[in-house]
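Enquirer: Take a look at this one; I'll ask things after.
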Amino acid sequence: MTYVLQAVIAGEDLLRSAAQKAPGAHVASLGQGLSLLPMTSEVLDAVPDADAARSLGFRRLPTGFELKLAEWSAVGPVAYVEAEYFGGAGEQRAVVWADGALAWGPSDQRALGISPISQALRRLGATSGPDQDEFTAVGLDRHRHNDGWISATP
């Protein structure tokens, strides 16, 4: 089984407001007041300089979009996350902006057994529960691909 995710995660109100300026954007609700914006070609096309060179070591985060995420973070913290797994092997990478600037990451390293995406989610205010990390607590395990998140949006 594969799991592939390339998305922006932030507070629901912040992300829905920001997504209104990106034609073709789909915002899916997660748990704990967070939402997810899957990266699509339409979203990237709506950002000036989205074709610029990739930065921060992500596969799908162009410099132009990185600047937009920093701008959005003036309202509240914003994370960009990527994950790709096949048959249990794979990788995650995450970064968080707050107050208009890079606040954490980018990181692809587990810290004290906590995955990069769960570390980023903590910085957005997510909490874990018994026998689950923040990744599962907010529901990122509900869909295995960006297409699943897109089809789950209202």
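Identifiers in the structure tokens: chain A, B, ... in order shown; residue index from 1 per chain; ligand index from 1 in order shown.
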Identify, with DSSP run on backbone atoms, the residues in chain A assigned to strand (DSSP E or B), and express the list as number ranges by chain.
Expert: A: 2-11, 28-29, 34-38, 54, 62, 78-86, 89-98, 101-107, 111, 114
Enquirer: Wanna dump the stretch 76-133 of chain A-stretch 26-50 of chain A contacts at 9 Å for me, each residue with its shortest atom pair and the distance in Å to one decimal, counting only C-alpha atoms, ordered by chain and number, as CSV?
Expert:
residue,atom,partner,partner_atom,distance
A:Leu124,CA,A:Leu34,CA,8.1
A:Gly125,CA,A:Gln32,CA,8.1
A:Ala126,CA,A:Gln32,CA,6.3
A:Thr127,CA,A:Gln32,CA,8.1
Enquirer: Take the selection from the previous step and output its residues with all heavy atoms, as a compact mmCIF listing (two decimals), in the first residue's frame.
Expert:
# COMPACT_ATOMS: atom_id res chain seq x y z
N LEU A 124 1.19 23.41 15.52
CA LEU A 124 -0.10 23.99 15.12
C LEU A 124 -1.15 23.82 16.21
O LEU A 124 -2.30 24.22 16.04
CB LEU A 124 -0.61 23.34 13.82
CG LEU A 124 0.27 23.49 12.59
CD1 LEU A 124 -0.38 22.81 11.39
CD2 LEU A 124 0.56 24.94 12.28
N GLY A 125 -0.77 23.19 17.32
CA GLY A 125 -1.68 23.03 18.44
C GLY A 125 -2.31 21.67 18.57
O GLY A 125 -3.12 21.45 19.48
N ALA A 126 -1.99 20.73 17.68
CA ALA A 126 -2.57 19.39 17.77
C ALA A 126 -2.00 18.64 18.97
O ALA A 126 -0.84 18.86 19.36
CB ALA A 126 -2.30 18.60 16.49
N THR A 127 -2.82 17.78 19.53
CA THR A 127 -2.38 16.94 20.63
C THR A 127 -2.63 15.49 20.27
O THR A 127 -3.50 15.18 19.45
CB THR A 127 -3.14 17.28 21.93
OG1 THR A 127 -4.55 17.12 21.71
CG2 THR A 127 -2.85 18.71 22.37
Enquirer: List as a VMD selection string the protein and nucleic acid residues near A:Ser118, meaning an atom at most 6 Å away when only C-alpha atoms are counted, but skip any in the same chain fewer than 3 places from it.
Expert: chain A and resid 115 121 134 to 135
Enquirer: Between A:Leu61, A:Gln92, A:Tyr85, A:Pro77, which residue has the minimum interatomic distance to A:Arg144, considering only C-alpha atoms?
Expert: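 Ranking A:Leu61, A:Gln92, A:Tyr85, A:Pro77 by distance to A:Arg144, first place goes to A:Tyr85.
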Enquirer: For a quick check of understanding, using only C-alpha atoms, which of A:Glu82, A:Glu66, A:Pro116, A:Pro130 has the smallest distance to A:Leu102?
Expert: A:Glu66
Enquirer: Per residue of stretch 58-85 of chain A within 12 Å of stretch 146-152 of chain A, what are the shortest atom pair and its distance in Å to one decimal, counting only C-alpha atoms, with rows by chain and residue number, as JSON lines?
Expert:
{"residue": "A:Val81", "atom": "CA", "partner": "A:Asn146", "partner_atom": "CA", "distance": 11.9}
{"residue": "A:Glu82", "atom": "CA", "partner": "A:Asn146", "partner_atom": "CA", "distance": 10.6}
{"residue": "A:Ala83", "atom": "CA", "partner": "A:Asn146", "partner_atom": "CA", "distance": 10.7}
{"residue": "A:Glu84", "atom": "CA", "partner": "A:Asn146", "partner_atom": "CA", "distance": 11.2}
Enquirer: Please dump the current selection as a compact mmCIF listing (two decimals), in the first residue's frame; keep N, CA and C atoms.
Expert:
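The new file part-v6.txt reads:
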# COMPACT_ATOMS: atom_id res chain seq x y z
N VAL A 81 3.63 19.90 4.54
CA VAL A 81 4.08 18.54 4.83
C VAL A 81 4.11 17.71 3.56
N GLU A 82 5.05 16.79 3.51
CA GLU A 82 5.11 15.80 2.45
C GLU A 82 5.41 14.45 3.09
N ALA A 83 4.75 13.42 2.59
CA ALA A 83 5.02 12.06 3.03
C ALA A 83 4.87 11.14 1.84
N GLU A 84 5.72 10.14 1.79
CA GLU A 84 5.61 9.13 0.74
C GLU A 84 6.08 7.80 1.32
Enquirer: Can you list, as a list of chain:residue names, every protein, DNA or RNA residue that comes within 7 Å of A:Ser107 when you count only C-alpha atoms, leaving out same-chain residues fewer than 3 positions away?
Expert: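 Once the nearby chain positions are removed, what remains is A:Arg93, A:Ala94, A:Val95, A:Pro116.
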Enquirer: How many Å lie between atom CA of A:Arg59 and atom CA of A:Gln109, rounded to one decimal?
Expert: 16.3 Å
Enquirer: I need the helix (DSSP H, G or I) residues of stretch 43-148 of chain A per DSSP on the backbone, written as JSON, numbers by chain.
Expert: {"A": [43, 44, 45, 63, 64, 65, 66, 67, 68, 69, 70, 71, 72, 116, 117, 118, 119, 120, 121, 122, 123, 134, 135, 136, 137, 146, 147, 148]}
Enquirer: Could you check which of A:Phe86, A:Trp72, A:Tyr80, A:Trp104 is closest to A:Ala19, using only C-alpha atoms?
Expert: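 Ranking A:Phe86, A:Trp72, A:Tyr80, A:Trp104 by distance to A:Ala19, first place goes to A:Trp72.
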Enquirer: How many Å lie between atom CA of A:Asp99 and atom CA of A:Asp13, rounded to one decimal?
Expert: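 Distance reported for this atom pair: 16.2 Å.
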Enquirer: With only C-alpha atoms as the basis for distance, which of A:Ser17, A:Gly64, A:Thr136, A:Ala79 is at the shortest distance from A:Ala120?
Expert: A:Ala79
Enquirer: With only C-alpha atoms as the atoms that count, which of A:Gly11, A:Gly129, A:Pro62, A:Gly57 lies nearest to A:Asp108?
Expert: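 With only C-alpha atoms as the atom set, the closest residue is A:Gly57.
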Enquirer: Could you jot down the atom CA of A:Leu56 to atom CA of A:Gln132 separation for me, Å, one decimal place?
Expert: 28.4 Å
